[in-house]
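Colleague: Supplied in structure tokens, the structure appears directly below.
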Amino acid sequence: MSALRIDVFSLFPKLIDDFCAESLLGKAQERNLLDLRTHDIREQTSDVHGTVDDSPFGGGAGMVMKAEPIFDAVEAAAPPRPLLLMSPGGRRFDQAMAFELAELAETSGGFSLLCGRYEGVDHRVRQHLCDGEVSVGDVVLSGGEVAACLIIEAVTRLRGGAMGNAASPITESFGESGLLEEPQFTRPAEFRNWGVPDILRSGNHGKVEQWRRAQRLHRTLRDRPDLVEAELSAADQKLLDTYPPVPYS
């Protein structure tokens, strides 16, 4: 399996490197599943101060990242495409998009992320350099680095061999079923007089799987009914009737 290459362009590449050196992402790099390359945009400046921003034409609050060092950084690196700008106005990142980006390892080799700062980037970067924009939610951050780390982790964990259990991306929230994940329990079976559902200790794997499916449906219908697009099948309705929901409070 070829490594998924992700290039990140930032004024603070160490934020990316430090986060991605730990835990699953660090192991993915050691196993050659992730080829992460960060690029310091400031290295492409030519003045003694390393100027990467300037005041906006027409006036206004804050500063805007200059086009020249961004173009130079990207052109020098020749990164894999698409190049996506981290932006509140971009396509909403979700699990479906994570799967799309993970699959790019087998086609274009990977993808790239551009992290803005200040009041944003010169619009010509959007027009003539980037292939699209991506948002991690309706929130404004000081820069795109935190959002980029979120995307890198969400995508990398979908690569075969990145996680210890190959079934995890299938059964977890937004996985193959498209539902939220069911409640999970581990030892001890009794904790402060709160017990584990008996069915999970029954040893009846068929019943356990039915219970889990029912709990996914209960939770999704309660918390994210928008994820249940079609009318429930008779089989799913029977599961809901058979297995009551686990309380959440």
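Ligands are numbered from 1 in the order shown, chains are lettered A, B, ... in the order of the structure tokens, and residues start at 1 in each chain.
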Based on DSSP run over this structure's backbone, return all residues of range 2-214 of chain A in alpha helix (DSSP H), as a ChimeraX atom specification.

Modeller: /A:13-20,23-30,67-77,95-103,123-128,145-156,168-171,205-214

Colleague: Can you pull out every residue within 9 Å of range 15-19 of chain A, counting only C-alpha atoms, but drop anything in the same chain fewer than 6 positions away, and send it as a VMD selection string?

Modeller: chain A and resid 8 25 to 26 36 to 38 145 to 146 148 to 149

Colleague: Calculate how many Å separate CA of Lys207 in chain A from CA of Pro247 in chain A, rounding to one decimal.

Modeller: 19.3 Å

Colleague: Considering only C-alpha atoms, return as a compact mmCIF listing (two decimals) with N, CA and C atoms, in the first residue's frame whatever protein or nucleic-acid residues lie within 12 Å of Asp138 in chain A, sequence-local ones (same chain, fewer than 6 positions apart) excluded.

Modeller:
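Result went into out_17.txt, see below:
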# COMPACT_ATOMS: atom_id res chain seq x y z
N SER A 87 -10.99 27.24 5.24
CA SER A 87 -11.79 28.46 5.21
C SER A 87 -13.17 28.20 5.78
N PRO A 88 -13.72 29.12 6.61
CA PRO A 88 -15.06 28.93 7.15
C PRO A 88 -16.13 28.82 6.07
N GLY A 89 -15.86 29.36 4.89
CA GLY A 89 -16.84 29.33 3.82
C GLY A 89 -16.73 28.15 2.89
N GLY A 90 -15.83 27.21 3.21
CA GLY A 90 -15.61 26.07 2.33
C GLY A 90 -16.61 24.95 2.51
N ARG A 91 -16.42 23.88 1.76
CA ARG A 91 -17.26 22.69 1.89
C ARG A 91 -17.13 22.14 3.30
N ARG A 92 -18.24 21.78 3.89
CA ARG A 92 -18.22 21.26 5.26
C ARG A 92 -17.54 19.88 5.29
N PHE A 93 -16.49 19.77 6.06
CA PHE A 93 -15.79 18.49 6.18
C PHE A 93 -16.62 17.52 7.00
N ALA A 147 -7.59 23.04 12.42
CA ALA A 147 -8.53 22.39 11.50
C ALA A 147 -7.80 21.40 10.59

Colleague: Can you tell me which residues surround Ala78 in chain A at a distance of at most 12 Å, considering only C-alpha atoms, apart from same-chain residues fewer than 6 positions away, and format the answer as an MDAnalysis selection string?

Modeller: chainID A and resid 5:9 37 39 71:72 111:112 129

Colleague: Write to file, as an mmCIF file, in the first residue's frame, the residues of the selection just made, with N, CA, C and O atoms.

Modeller:
data_model
loop_
_atom_site.group_PDB
_atom_site.id
_atom_site.type_symbol
_atom_site.label_atom_id
_atom_site.label_comp_id
_atom_site.auth_asym_id
_atom_site.auth_seq_id
_atom_site.Cartn_x
_atom_site.Cartn_y
_atom_site.Cartn_z
ATOM 1 N N ARG A 5 0.223 10.920 0.835
ATOM 2 C CA ARG A 5 1.006 12.149 1.006
ATOM 3 C C ARG A 5 0.063 13.319 1.277
ATOM 4 O O ARG A 5 -0.897 13.539 0.540
ATOM 5 N N ILE A 6 0.350 14.043 2.345
ATOM 6 C CA ILE A 6 -0.390 15.253 2.677
ATOM 7 C C ILE A 6 0.608 16.379 2.886
ATOM 8 O O ILE A 6 1.463 16.297 3.761
ATOM 9 N N ASP A 7 0.519 17.406 2.060
ATOM 10 C CA ASP A 7 1.363 18.592 2.220
ATOM 11 C C ASP A 7 0.548 19.679 2.902
ATOM 12 O O ASP A 7 -0.622 19.890 2.552
ATOM 13 N N VAL A 8 1.161 20.354 3.863
ATOM 14 C CA VAL A 8 0.484 21.434 4.581
ATOM 15 C C VAL A 8 1.347 22.689 4.510
ATOM 16 O O VAL A 8 2.534 22.655 4.852
ATOM 17 N N PHE A 9 0.739 23.780 4.065
ATOM 18 C CA PHE A 9 1.421 25.063 3.949
ATOM 19 C C PHE A 9 0.921 25.972 5.067
ATOM 20 O O PHE A 9 -0.282 26.206 5.205
ATOM 21 N N ARG A 37 4.195 16.251 4.850
ATOM 22 C CA ARG A 37 5.228 17.234 4.535
ATOM 23 C C ARG A 37 4.676 18.630 4.831
ATOM 24 O O ARG A 37 3.694 19.058 4.228
ATOM 25 N N HIS A 39 5.312 22.824 5.118
ATOM 26 C CA HIS A 39 6.091 23.860 4.441
ATOM 27 C C HIS A 39 5.846 25.209 5.109
ATOM 28 O O HIS A 39 4.688 25.604 5.299
ATOM 29 N N PHE A 71 2.143 31.495 -3.285
ATOM 30 C CA PHE A 71 2.374 30.911 -4.607
ATOM 31 C C PHE A 71 3.764 30.289 -4.686
ATOM 32 O O PHE A 71 3.935 29.174 -5.199
ATOM 33 N N ASP A 72 4.767 31.017 -4.197
ATOM 34 C CA ASP A 72 6.142 30.516 -4.269
ATOM 35 C C ASP A 72 6.307 29.226 -3.469
ATOM 36 O O ASP A 72 6.993 28.287 -3.910
ATOM 37 N N PHE A 111 -3.214 14.777 -1.100
ATOM 38 C CA PHE A 111 -3.820 16.091 -1.239
ATOM 39 C C PHE A 111 -3.030 17.074 -0.394
ATOM 40 O O PHE A 111 -2.099 16.689 0.338
ATOM 41 N N SER A 112 -3.387 18.364 -0.469
ATOM 42 C CA SER A 112 -2.646 19.398 0.250
ATOM 43 C C SER A 112 -3.605 20.379 0.910
ATOM 44 O O SER A 112 -4.737 20.572 0.447
ATOM 45 N N LEU A 129 -4.842 29.525 -7.452
ATOM 46 C CA LEU A 129 -3.903 28.551 -6.901
ATOM 47 C C LEU A 129 -4.612 27.353 -6.273
ATOM 48 O O LEU A 129 -4.228 26.217 -6.526
#

Colleague: Between CA of Arg42 in chain A and CA of Ala67 in chain A, what distance in Å does the model show, to one decimal?

Modeller: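 Between CA of Arg42 in chain A and CA of Ala67 in chain A the gap works out to 11.8 Å.
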
Colleague: Looking only at the backbone, which of the residues in range 18-229 of chain A does DSSP tag as strand (DSSP E or B), as a PDB file with N, CA and C atoms, in the first residue's frame?

Modeller:
ATOM      1  N   LEU A  34       1.516   7.252   6.077  1.00  0.00           N
ATOM      2  CA  LEU A  34       1.312   8.687   5.936  1.00  0.00           C
ATOM      3  C   LEU A  34       2.632   9.359   5.628  1.00  0.00           C
ATOM      4  N   ASP A  35       2.659  10.108   4.542  1.00  0.00           N
ATOM      5  CA  ASP A  35       3.831  10.902   4.158  1.00  0.00           C
ATOM      6  C   ASP A  35       3.444  12.372   4.347  1.00  0.00           C
ATOM      7  N   LEU A  36       3.683  12.894   5.536  1.00  0.00           N
ATOM      8  CA  LEU A  36       3.297  14.260   5.879  1.00  0.00           C
ATOM      9  C   LEU A  36       4.461  15.209   5.624  1.00  0.00           C
ATOM     10  N   ARG A  37       4.195  16.251   4.850  1.00  0.00           N
ATOM     11  CA  ARG A  37       5.228  17.234   4.535  1.00  0.00           C
ATOM     12  C   ARG A  37       4.676  18.630   4.831  1.00  0.00           C
ATOM     13  N   THR A  38       5.313  19.316   5.762  1.00  0.00           N
ATOM     14  CA  THR A  38       4.884  20.670   6.104  1.00  0.00           C
ATOM     15  C   THR A  38       5.846  21.684   5.494  1.00  0.00           C
ATOM     16  N   HIS A  39       5.312  22.824   5.118  1.00  0.00           N
ATOM     17  CA  HIS A  39       6.091  23.860   4.441  1.00  0.00           C
ATOM     18  C   HIS A  39       5.846  25.209   5.109  1.00  0.00           C
ATOM     19  N   ASP A  40       6.936  25.871   5.474  1.00  0.00           N
ATOM     20  CA  ASP A  40       6.853  27.181   6.116  1.00  0.00           C
ATOM     21  C   ASP A  40       6.772  28.260   5.042  1.00  0.00           C
ATOM     22  N   ASP A  53       2.386  39.371   5.210  1.00  0.00           N
ATOM     23  CA  ASP A  53       1.062  39.977   5.225  1.00  0.00           C
ATOM     24  C   ASP A  53       1.165  41.464   4.941  1.00  0.00           C
ATOM     25  N   ASP A  54       0.031  42.060   4.606  1.00  0.00           N
ATOM     26  CA  ASP A  54      -0.024  43.499   4.344  1.00  0.00           C
ATOM     27  C   ASP A  54      -1.455  43.964   4.592  1.00  0.00           C
ATOM     28  N   VAL A  64      -3.840  40.950   5.689  1.00  0.00           N
ATOM     29  CA  VAL A  64      -4.151  39.882   4.738  1.00  0.00           C
ATOM     30  C   VAL A  64      -2.856  39.211   4.305  1.00  0.00           C
ATOM     31  N   MET A  65      -2.874  37.888   4.221  1.00  0.00           N
ATOM     32  CA  MET A  65      -1.685  37.166   3.768  1.00  0.00           C
ATOM     33  C   MET A  65      -1.430  37.462   2.294  1.00  0.00           C
ATOM     34  N   LEU A  83      -5.350  21.051  -3.826  1.00  0.00           N
ATOM     35  CA  LEU A  83      -4.879  21.941  -2.771  1.00  0.00           C
ATOM     36  C   LEU A  83      -6.110  22.643  -2.209  1.00  0.00           C
ATOM     37  N   LEU A  84      -6.383  22.421  -0.935  1.00  0.00           N
ATOM     38  CA  LEU A  84      -7.599  22.936  -0.305  1.00  0.00           C
ATOM     39  C   LEU A  84      -7.247  24.012   0.713  1.00  0.00           C
ATOM     40  N   LEU A  85      -7.918  25.137   0.601  1.00  0.00           N
ATOM     41  CA  LEU A  85      -7.741  26.231   1.543  1.00  0.00           C
ATOM     42  C   LEU A  85      -8.644  26.020   2.746  1.00  0.00           C
ATOM     43  N   MET A  86      -8.076  26.081   3.937  1.00  0.00           N
ATOM     44  CA  MET A  86      -8.887  26.013   5.147  1.00  0.00           C
ATOM     45  C   MET A  86      -9.648  27.330   5.274  1.00  0.00           C
ATOM     46  N   SER A  87     -10.988  27.239   5.240  1.00  0.00           N
ATOM     47  CA  SER A  87     -11.785  28.459   5.206  1.00  0.00           C
ATOM     48  C   SER A  87     -13.172  28.199   5.781  1.00  0.00           C
ATOM     49  N   PRO A  88     -13.719  29.120   6.605  1.00  0.00           N
ATOM     50  CA  PRO A  88     -15.062  28.935   7.150  1.00  0.00           C
ATOM     51  C   PRO A  88     -16.133  28.820   6.070  1.00  0.00           C
ATOM     52  N   GLY A  89     -15.856  29.362   4.886  1.00  0.00           N
ATOM     53  CA  GLY A  89     -16.843  29.329   3.819  1.00  0.00           C
ATOM     54  C   GLY A  89     -16.726  28.148   2.889  1.00  0.00           C
ATOM     55  N   GLY A  90     -15.831  27.206   3.212  1.00  0.00           N
ATOM     56  CA  GLY A  90     -15.610  26.073   2.327  1.00  0.00           C
ATOM     57  C   GLY A  90     -16.614  24.951   2.512  1.00  0.00           C
ATOM     58  N   ARG A  91     -16.425  23.883   1.763  1.00  0.00           N
ATOM     59  CA  ARG A  91     -17.262  22.693   1.887  1.00  0.00           C
ATOM     60  C   ARG A  91     -17.131  22.145   3.300  1.00  0.00           C
ATOM     61  N   ARG A  92     -18.237  21.780   3.893  1.00  0.00           N
ATOM     62  CA  ARG A  92     -18.219  21.256   5.258  1.00  0.00           C
ATOM     63  C   ARG A  92     -17.542  19.882   5.288  1.00  0.00           C
ATOM     64  N   GLY A 110      -2.351  11.832  -2.994  1.00  0.00           N
ATOM     65  CA  GLY A 110      -2.669  12.536  -1.761  1.00  0.00           C
ATOM     66  C   GLY A 110      -3.349  13.856  -2.039  1.00  0.00           C
ATOM     67  N   PHE A 111      -3.214  14.777  -1.100  1.00  0.00           N
ATOM     68  CA  PHE A 111      -3.820  16.091  -1.239  1.00  0.00           C
ATOM     69  C   PHE A 111      -3.030  17.074  -0.394  1.00  0.00           C
ATOM     70  N   SER A 112      -3.387  18.364  -0.469  1.00  0.00           N
ATOM     71  CA  SER A 112      -2.646  19.398   0.250  1.00  0.00           C
ATOM     72  C   SER A 112      -3.605  20.379   0.910  1.00  0.00           C
ATOM     73  N   LEU A 113      -3.134  20.995   1.991  1.00  0.00           N
ATOM     74  CA  LEU A 113      -3.929  21.946   2.754  1.00  0.00           C
ATOM     75  C   LEU A 113      -3.162  23.251   2.916  1.00  0.00           C
ATOM     76  N   LEU A 114      -3.859  24.355   2.769  1.00  0.00           N
ATOM     77  CA  LEU A 114      -3.277  25.680   2.964  1.00  0.00           C
ATOM     78  C   LEU A 114      -3.935  26.324   4.174  1.00  0.00           C
ATOM     79  N   ARG A 117      -4.033  32.750   7.930  1.00  0.00           N
ATOM     80  CA  ARG A 117      -3.890  33.460   9.219  1.00  0.00           C
ATOM     81  C   ARG A 117      -4.408  34.873   9.025  1.00  0.00           C
ATOM     82  N   VAL A 121      -6.468  35.201   3.216  1.00  0.00           N
ATOM     83  CA  VAL A 121      -5.464  35.248   2.164  1.00  0.00           C
ATOM     84  C   VAL A 121      -5.938  36.145   1.025  1.00  0.00           C
ATOM     85  N   GLY A 132     -10.017  24.330  -4.142  1.00  0.00           N
ATOM     86  CA  GLY A 132     -11.258  24.348  -3.385  1.00  0.00           C
ATOM     87  C   GLY A 132     -10.991  24.813  -1.975  1.00  0.00           C
ATOM     88  N   GLU A 133     -12.063  24.892  -1.186  1.00  0.00           N
ATOM     89  CA  GLU A 133     -11.972  25.313   0.201  1.00  0.00           C
ATOM     90  C   GLU A 133     -12.695  24.301   1.072  1.00  0.00           C
ATOM     91  N   VAL A 134     -12.230  24.153   2.317  1.00  0.00           N
ATOM     92  CA  VAL A 134     -12.831  23.201   3.233  1.00  0.00           C
ATOM     93  C   VAL A 134     -12.972  23.841   4.604  1.00  0.00           C
ATOM     94  N   SER A 135     -14.087  23.542   5.252  1.00  0.00           N
ATOM     95  CA  SER A 135     -14.388  24.077   6.580  1.00  0.00           C
ATOM     96  C   SER A 135     -14.655  22.931   7.541  1.00  0.00           C
ATOM     97  N   GLY A 143      -6.235  30.525  12.978  1.00  0.00           N
ATOM     98  CA  GLY A 143      -5.511  30.005  11.825  1.00  0.00           C
ATOM     99  C   GLY A 143      -6.039  28.636  11.460  1.00  0.00           C
ATOM    100  N   GLU A 190     -19.688  -3.989  37.228  1.00  0.00           N
ATOM    101  CA  GLU A 190     -20.425  -3.132  38.149  1.00  0.00           C
ATOM    102  C   GLU A 190     -19.519  -1.999  38.599  1.00  0.00           C
ATOM    103  N   PHE A 191     -19.969  -0.773  38.442  1.00  0.00           N
ATOM    104  CA  PHE A 191     -19.212   0.400  38.864  1.00  0.00           C
ATOM    105  C   PHE A 191     -20.167   1.373  39.530  1.00  0.00           C
ATOM    106  N   TRP A 194     -23.736   0.926  38.981  1.00  0.00           N
ATOM    107  CA  TRP A 194     -24.191   1.023  37.587  1.00  0.00           C
ATOM    108  C   TRP A 194     -23.677  -0.209  36.849  1.00  0.00           C
ATOM    109  N   GLY A 195     -24.581  -0.981  36.296  1.00  0.00           N
ATOM    110  CA  GLY A 195     -24.182  -2.218  35.653  1.00  0.00           C
ATOM    111  C   GLY A 195     -24.138  -2.129  34.142  1.00  0.00           C
TER     112      GLY A 195
END

Colleague: Any idea what the distance is between CA of Glu231 in chain A and CA of Glu181 in chain A?

Modeller: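 If I compute the distance from CA of Glu231 in chain A to CA of Glu181 in chain A, I get 19.5 Å.
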
Colleague: Neighbours of Leu232 in chain A within 10 Å (only C-alpha atoms; same-chain residues fewer than 5 positions away dropped), as a PyMOL selection string?

Modeller: chain A and resi 217+237-238

Colleague: Of the candidates A:Arg126, A:Arg219, A:Arg213, A:Arg224, which one gets nearest to Ser177 in chain A if we count only C-alpha atoms?

Modeller: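 Counting only C-alpha atoms, the residue closest to Ser177 in chain A is A:Arg213.
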
Colleague: Report as a PyMOL selection string all protein, DNA and RNA residues lying within 12 Å of Lys27 in chain A, evaluated on only C-alpha atoms, omitting residues in the same chain fewer than 4 positions from it.

Modeller: chain A and resi 20-23+31-35+153+156-157+161-164

Colleague: Just to be explicit: take each residue in the selection above, keep N, CA and C atoms, and write the result as a PDB file, in the first residue's frame.

Modeller:
ATOM      1  N   CYS A  20       1.078  15.769  14.854  1.00  0.00           N
ATOM      2  CA  CYS A  20       1.061  14.558  14.029  1.00  0.00           C
ATOM      3  C   CYS A  20       2.195  13.590  14.360  1.00  0.00           C
ATOM      4  N   ALA A  21       3.058  13.958  15.291  1.00  0.00           N
ATOM      5  CA  ALA A  21       4.147  13.063  15.690  1.00  0.00           C
ATOM      6  C   ALA A  21       3.703  12.066  16.748  1.00  0.00           C
ATOM      7  N   GLU A  22       2.521  12.281  17.333  1.00  0.00           N
ATOM      8  CA  GLU A  22       2.073  11.460  18.449  1.00  0.00           C
ATOM      9  C   GLU A  22       1.034  10.419  18.022  1.00  0.00           C
ATOM     10  N   SER A  23       0.894   9.403  18.865  1.00  0.00           N
ATOM     11  CA  SER A  23      -0.203   8.432  18.789  1.00  0.00           C
ATOM     12  C   SER A  23      -0.351   7.824  17.393  1.00  0.00           C
ATOM     13  N   ARG A  31       5.088   3.657   9.834  1.00  0.00           N
ATOM     14  CA  ARG A  31       4.736   2.499   9.002  1.00  0.00           C
ATOM     15  C   ARG A  31       4.623   2.856   7.525  1.00  0.00           C
ATOM     16  N   ASN A  32       4.958   4.078   7.188  1.00  0.00           N
ATOM     17  CA  ASN A  32       4.898   4.548   5.800  1.00  0.00           C
ATOM     18  C   ASN A  32       3.482   4.521   5.242  1.00  0.00           C
ATOM     19  N   LEU A  33       2.509   4.751   6.110  1.00  0.00           N
ATOM     20  CA  LEU A  33       1.127   4.895   5.670  1.00  0.00           C
ATOM     21  C   LEU A  33       0.790   6.357   5.400  1.00  0.00           C
ATOM     22  N   LEU A  34       1.516   7.252   6.077  1.00  0.00           N
ATOM     23  CA  LEU A  34       1.312   8.687   5.936  1.00  0.00           C
ATOM     24  C   LEU A  34       2.632   9.359   5.628  1.00  0.00           C
ATOM     25  N   ASP A  35       2.659  10.108   4.542  1.00  0.00           N
ATOM     26  CA  ASP A  35       3.831  10.902   4.158  1.00  0.00           C
ATOM     27  C   ASP A  35       3.444  12.372   4.347  1.00  0.00           C
ATOM     28  N   GLU A 153      -5.984  13.701  10.786  1.00  0.00           N
ATOM     29  CA  GLU A 153      -6.272  12.534  11.621  1.00  0.00           C
ATOM     30  C   GLU A 153      -7.488  11.773  11.105  1.00  0.00           C
ATOM     31  N   THR A 156      -6.322   9.914   7.864  1.00  0.00           N
ATOM     32  CA  THR A 156      -5.281   8.902   8.038  1.00  0.00           C
ATOM     33  C   THR A 156      -5.811   7.654   8.708  1.00  0.00           C
ATOM     34  N   ARG A 157      -6.709   7.786   9.671  1.00  0.00           N
ATOM     35  CA  ARG A 157      -7.200   6.625  10.400  1.00  0.00           C
ATOM     36  C   ARG A 157      -8.041   5.708   9.521  1.00  0.00           C
ATOM     37  N   GLY A 161      -4.448  -0.507   7.985  1.00  0.00           N
ATOM     38  CA  GLY A 161      -3.270  -0.698   8.811  1.00  0.00           C
ATOM     39  C   GLY A 161      -2.995   0.427   9.779  1.00  0.00           C
ATOM     40  N   ALA A 162      -3.707   1.553   9.640  1.00  0.00           N
ATOM     41  CA  ALA A 162      -3.455   2.681  10.533  1.00  0.00           C
ATOM     42  C   ALA A 162      -4.033   2.440  11.918  1.00  0.00           C
ATOM     43  N   MET A 163      -5.150   1.712  11.986  1.00  0.00           N
ATOM     44  CA  MET A 163      -5.797   1.420  13.260  1.00  0.00           C
ATOM     45  C   MET A 163      -5.589  -0.036  13.633  1.00  0.00           C
ATOM     46  N   GLY A 164      -5.582  -0.301  14.923  1.00  0.00           N
ATOM     47  CA  GLY A 164      -5.347  -1.657  15.381  1.00  0.00           C
ATOM     48  C   GLY A 164      -6.462  -2.612  15.009  1.00  0.00           C
TER      49      GLY A 164
END

Colleague: With distances taken over only C-alpha atoms, which of A:Tyr243, A:Trp211, A:Phe99, A:Tyr248 is nearest to Ile152 in chain A?

Modeller: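 Going through A:Tyr243, A:Trp211, A:Phe99, A:Tyr248 one by one, the smallest distance to Ile152 in chain A is for A:Phe99.
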
Colleague: Do you know which residues are at most 9 Å from Arg216 in chain A counting only C-alpha atoms, after dropping those on the same chain fewer than 5 positions away, and could you put them as a list in words?

Modeller: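 Close residues of Arg216 in chain A: Ser173, Leu179, Leu180, Glu181, Glu182, Pro183, Trp211 and Leu221 of chain A.
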